[in-house]
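Chemist: One structure, as structure tokens, below. Some questions next.
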Amino acid sequence: LELFGSIIISNLNFISHIITMAIKRSSDSDQTPKQPRKIETPKRNYEVTLLSPKANTQETENNEEKIRPQKLADYIGQKKLKGILNMAIAAAKGRKEPLDHLLLYGPPGLGKTTMSLILAAEMGVDCKITSAPALERPRDITGLLVSLKPGDIIFIDEIHRLNRMTEELLYPAMEDFRLDVTIGKGQTAKTRSIPLPPFTLVGATTKAGALSSPL
């Protein structure tokens, strides 16, 4: 009995020692701060698209000129005018001749310049745009007329502001497709006629009453 009792006491002492060690370990683990768990996120390759200072192909094709209508069918409004111009274009193409000279009259912002570009596109020719104040000297209109190609269109904005000398040079160019140039001065002056290719003059004005009678 004494031996059995001593074995029980030694077992109890051993169990209590184990329990004490377990309690001590749990208390030590509670006192140490817990570090936050790191969540690893998968790395992704993001492509960053930046604006380029150079225009790409699509931007170049859709430039400002493409914003304007290129055909009479795309031009909004002016149904009566479009009907007349459609007949004039069809007649000119049938004759294989350039369009007759035109005068566009109306307040600013109605699309007179756009209409001249449409006429050039419909006829398949180039359009040279200028304004009357830019044609102050005879050599200005002379250089413009000499550089024309057959069927080209000259658009003169604010044509009512043309000076008298420029108008006199335009009359034979419009009627007979020739340019009269005076060479020299006084008694030695000579007039030479320079043939011009057939062209179309499109004038635009906001003041039809300010035009000279011959024009």
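In the structure tokens, each chain is lettered A, B, ... as it comes, each chain's residues begin at 1, and ligands are numbered from 1 in order of appearance.
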Write out as a compact mmCIF listing (two decimals) with C-alpha atoms, in the first residue's frame all residues of segment 64-182 of chain A that DSSP puts in strand (DSSP E) for this structure's backbone.
Modeler:
# COMPACT_ATOMS: atom_id res chain seq x y z
CA LEU A 102 -20.98 82.31 -108.93
CA LEU A 103 -21.81 84.96 -106.38
CA LEU A 104 -22.83 83.79 -102.90
CA TYR A 105 -24.65 86.39 -100.84
CA CYS A 127 -10.06 75.47 -104.54
CA LYS A 128 -7.87 78.48 -103.81
CA ILE A 129 -9.27 80.62 -100.98
CA THR A 130 -8.45 84.28 -100.54
CA SER A 131 -10.14 87.51 -99.52
CA ILE A 153 -12.03 77.40 -108.34
CA ILE A 154 -11.01 80.75 -106.88
CA PHE A 155 -12.98 81.76 -103.80
CA ILE A 156 -12.77 85.48 -102.96
CA ASP A 157 -14.36 86.38 -99.65
CA ARG A 178 -6.84 85.98 -120.42
CA LEU A 179 -4.74 88.28 -118.27
CA ASP A 180 -3.75 91.68 -119.65
CA VAL A 181 -0.43 92.83 -118.27
CA THR A 182 1.07 96.25 -118.96
Chemist: Which residues of segment 156-199 of chain A come within 12 Å of segment 96-99 of chain A, and for each one, what is the closest pair of atoms and their distance in Å to one decimal, counting only C-alpha atoms, sorted by chain and residue number, as JSON lines?
Modeler:
{"residue": "A:Met174", "atom": "CA", "partner": "A:Leu99", "partner_atom": "CA", "distance": 11.7}
{"residue": "A:Phe177", "atom": "CA", "partner": "A:Pro98", "partner_atom": "CA", "distance": 11.9}
{"residue": "A:Pro197", "atom": "CA", "partner": "A:Pro98", "partner_atom": "CA", "distance": 10.0}
{"residue": "A:Pro198", "atom": "CA", "partner": "A:Pro98", "partner_atom": "CA", "distance": 6.7}
{"residue": "A:Phe199", "atom": "CA", "partner": "A:Pro98", "partner_atom": "CA", "distance": 6.1}
Chemist: Take the residues just selected and output them with all heavy atoms as a PDB file, in the first residue's frame.
Modeler:
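So the final result, stored in out.pdb, reads:
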ATOM      1  N   MET A 174     -12.261  86.641-116.339  1.00  0.00           N
ATOM      2  CA  MET A 174     -13.520  85.934-116.170  1.00  0.00           C
ATOM      3  C   MET A 174     -14.217  85.689-117.509  1.00  0.00           C
ATOM      4  O   MET A 174     -14.829  84.638-117.717  1.00  0.00           O
ATOM      5  CB  MET A 174     -14.439  86.734-115.244  1.00  0.00           C
ATOM      6  CG  MET A 174     -13.929  86.851-113.808  1.00  0.00           C
ATOM      7  SD  MET A 174     -14.877  88.045-112.833  1.00  0.00           S
ATOM      8  CE  MET A 174     -16.511  87.307-112.884  1.00  0.00           C
ATOM      9  N   PHE A 177     -10.821  84.477-120.324  1.00  0.00           N
ATOM     10  CA  PHE A 177      -9.738  83.659-119.756  1.00  0.00           C
ATOM     11  C   PHE A 177      -8.370  84.136-120.266  1.00  0.00           C
ATOM     12  O   PHE A 177      -7.559  83.366-120.794  1.00  0.00           O
ATOM     13  CB  PHE A 177      -9.945  82.173-120.070  1.00  0.00           C
ATOM     14  CG  PHE A 177     -11.242  81.636-119.533  1.00  0.00           C
ATOM     15  CD1 PHE A 177     -12.251  81.252-120.396  1.00  0.00           C
ATOM     16  CD2 PHE A 177     -11.460  81.529-118.160  1.00  0.00           C
ATOM     17  CE1 PHE A 177     -13.449  80.761-119.910  1.00  0.00           C
ATOM     18  CE2 PHE A 177     -12.654  81.037-117.675  1.00  0.00           C
ATOM     19  CZ  PHE A 177     -13.650  80.656-118.545  1.00  0.00           C
ATOM     20  N   PRO A 197      -6.028  79.217-118.095  1.00  0.00           N
ATOM     21  CA  PRO A 197      -6.896  78.032-118.217  1.00  0.00           C
ATOM     22  C   PRO A 197      -8.310  78.373-117.739  1.00  0.00           C
ATOM     23  O   PRO A 197      -8.502  79.261-116.895  1.00  0.00           O
ATOM     24  CB  PRO A 197      -6.228  77.010-117.295  1.00  0.00           C
ATOM     25  CG  PRO A 197      -5.481  77.825-116.290  1.00  0.00           C
ATOM     26  CD  PRO A 197      -5.024  79.052-117.013  1.00  0.00           C
ATOM     27  N   PRO A 198      -9.313  77.703-118.256  1.00  0.00           N
ATOM     28  CA  PRO A 198     -10.684  77.962-117.795  1.00  0.00           C
ATOM     29  C   PRO A 198     -10.803  77.700-116.289  1.00  0.00           C
ATOM     30  O   PRO A 198     -10.334  76.673-115.787  1.00  0.00           O
ATOM     31  CB  PRO A 198     -11.527  76.987-118.604  1.00  0.00           C
ATOM     32  CG  PRO A 198     -10.703  76.668-119.797  1.00  0.00           C
ATOM     33  CD  PRO A 198      -9.283  76.720-119.346  1.00  0.00           C
ATOM     34  N   PHE A 199     -11.427  78.613-115.581  1.00  0.00           N
ATOM     35  CA  PHE A 199     -11.573  78.493-114.138  1.00  0.00           C
ATOM     36  C   PHE A 199     -12.938  79.028-113.728  1.00  0.00           C
ATOM     37  O   PHE A 199     -13.687  79.577-114.550  1.00  0.00           O
ATOM     38  CB  PHE A 199     -10.457  79.257-113.410  1.00  0.00           C
ATOM     39  CG  PHE A 199     -10.539  80.745-113.552  1.00  0.00           C
ATOM     40  CD1 PHE A 199     -11.168  81.516-112.577  1.00  0.00           C
ATOM     41  CD2 PHE A 199     -10.001  81.391-114.664  1.00  0.00           C
ATOM     42  CE1 PHE A 199     -11.257  82.898-112.709  1.00  0.00           C
ATOM     43  CE2 PHE A 199     -10.080  82.754-114.797  1.00  0.00           C
ATOM     44  CZ  PHE A 199     -10.710  83.501-113.823  1.00  0.00           C
TER      45      PHE A 199
END
Chemist: If we count only C-alpha atoms and set the cut-off at 12 Å, which residues sit around segment 87-93 of chain A, ignoring sequence neighbours fewer than 5 positions away in its own chain? Please answer as a PyMOL selection string.
Modeler: chain A and resi 71-72+80-82+98-102+118-124+151+199-200
Chemist: Could you take the residues named above and write them with C-alpha atoms, as a compact mmCIF listing (two decimals), in the first residue's frame?
Modeler:
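Result file follows (again-v3.txt):
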# COMPACT_ATOMS: atom_id res chain seq x y z
CA LYS A 71 -20.67 66.70 -100.84
CA LEU A 72 -23.85 68.63 -101.40
CA LYS A 80 -33.21 75.51 -103.01
CA LEU A 81 -29.57 76.48 -103.46
CA LYS A 82 -28.46 72.84 -103.46
CA PRO A 98 -15.80 74.29 -115.53
CA LEU A 99 -18.70 75.77 -113.60
CA ASP A 100 -19.97 79.22 -114.39
CA HIS A 101 -18.90 82.04 -112.11
CA LEU A 102 -20.98 82.31 -108.93
CA ILE A 118 -18.00 71.41 -101.76
CA LEU A 119 -18.18 72.68 -105.34
CA ALA A 120 -14.48 71.94 -105.81
CA ALA A 121 -14.91 68.45 -104.36
CA GLU A 122 -17.91 67.74 -106.56
CA MET A 123 -16.03 68.88 -109.66
CA GLY A 124 -12.82 67.13 -108.64
CA GLY A 151 -11.15 73.88 -113.86
CA PHE A 199 -11.57 78.49 -114.14
CA THR A 200 -14.51 79.37 -111.89
Chemist: So what do you get for atom CA of Ser116 of chain A versus atom CA of Leu144 of chain A, distance-wise?
Modeler: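 Answer for the atom CA of Ser116 of chain A to atom CA of Leu144 of chain A separation: 16.7 Å.
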Chemist: Choose the residue, out of A:Glu167, A:Asp152, A:Glu175, A:Asp140, that has the smallest atom-to-atom separation from Val125 of chain A; count only C-alpha atoms.
Modeler: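 When distances to Val125 of chain A are compared using only C-alpha atoms, the smallest one comes from A:Asp152.
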Chemist: May I ask which of the residues A:Ile194, A:Val146, A:Leu215, A:Ala204 is the closest one to Ala132 of chain A, counting only C-alpha atoms?
Modeler: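 Among the listed residues, the smallest separation from Ala132 of chain A belongs to A:Ala204.
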Chemist: List every residue of segment 65-132 of chain A that DSSP, applied to the backbone, labels as alpha helix (DSSP H), and write the result as a VMD selection string.
Modeler: chain A and resid 65 to 67 79 to 95 112 to 123
Chemist: Please determine, counting only C-alpha atoms, which residue among A:Gly184, A:Pro108, A:Pro69, A:Pro214 has the shortest atom-to-atom distance to Pro172 of chain A.
Modeler: A:Pro214
Chemist: In Å, rounded to a single decimal, give me how far atom CA of Arg164 of chain A is from atom CA of Gly106 of chain A.
Modeler: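 Between atom CA of Gly106 of chain A and atom CA of Arg164 of chain A the gap is 22.9 Å.
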Chemist: Extract, using only C-alpha atoms, all DNA, RNA and protein residues at most 12 Å from Ile183 of chain A, discarding same-chain residues fewer than 6 positions from it, and format them as a VMD selection string.
Modeler: chain A and resid 189 to 193
Chemist: Please measure the separation of atom CA of Ile141 of chain A and atom CA of Ala173 of chain A, giving the value in Å to one decimal.
Modeler: 10.5 Å
Chemist: Pick out the closest residue to Thr142 of chain A from this set: A:Ala210, A:Ile159, A:Leu170, A:Leu117. Count only C-alpha atoms.
Modeler: A:Leu170
Chemist: When distances are computed from only C-alpha atoms, which of A:Ser212, A:Glu158, A:Leu135, A:Met165 shows the smallest separation from Pro107 of chain A?
Modeler: A:Glu158
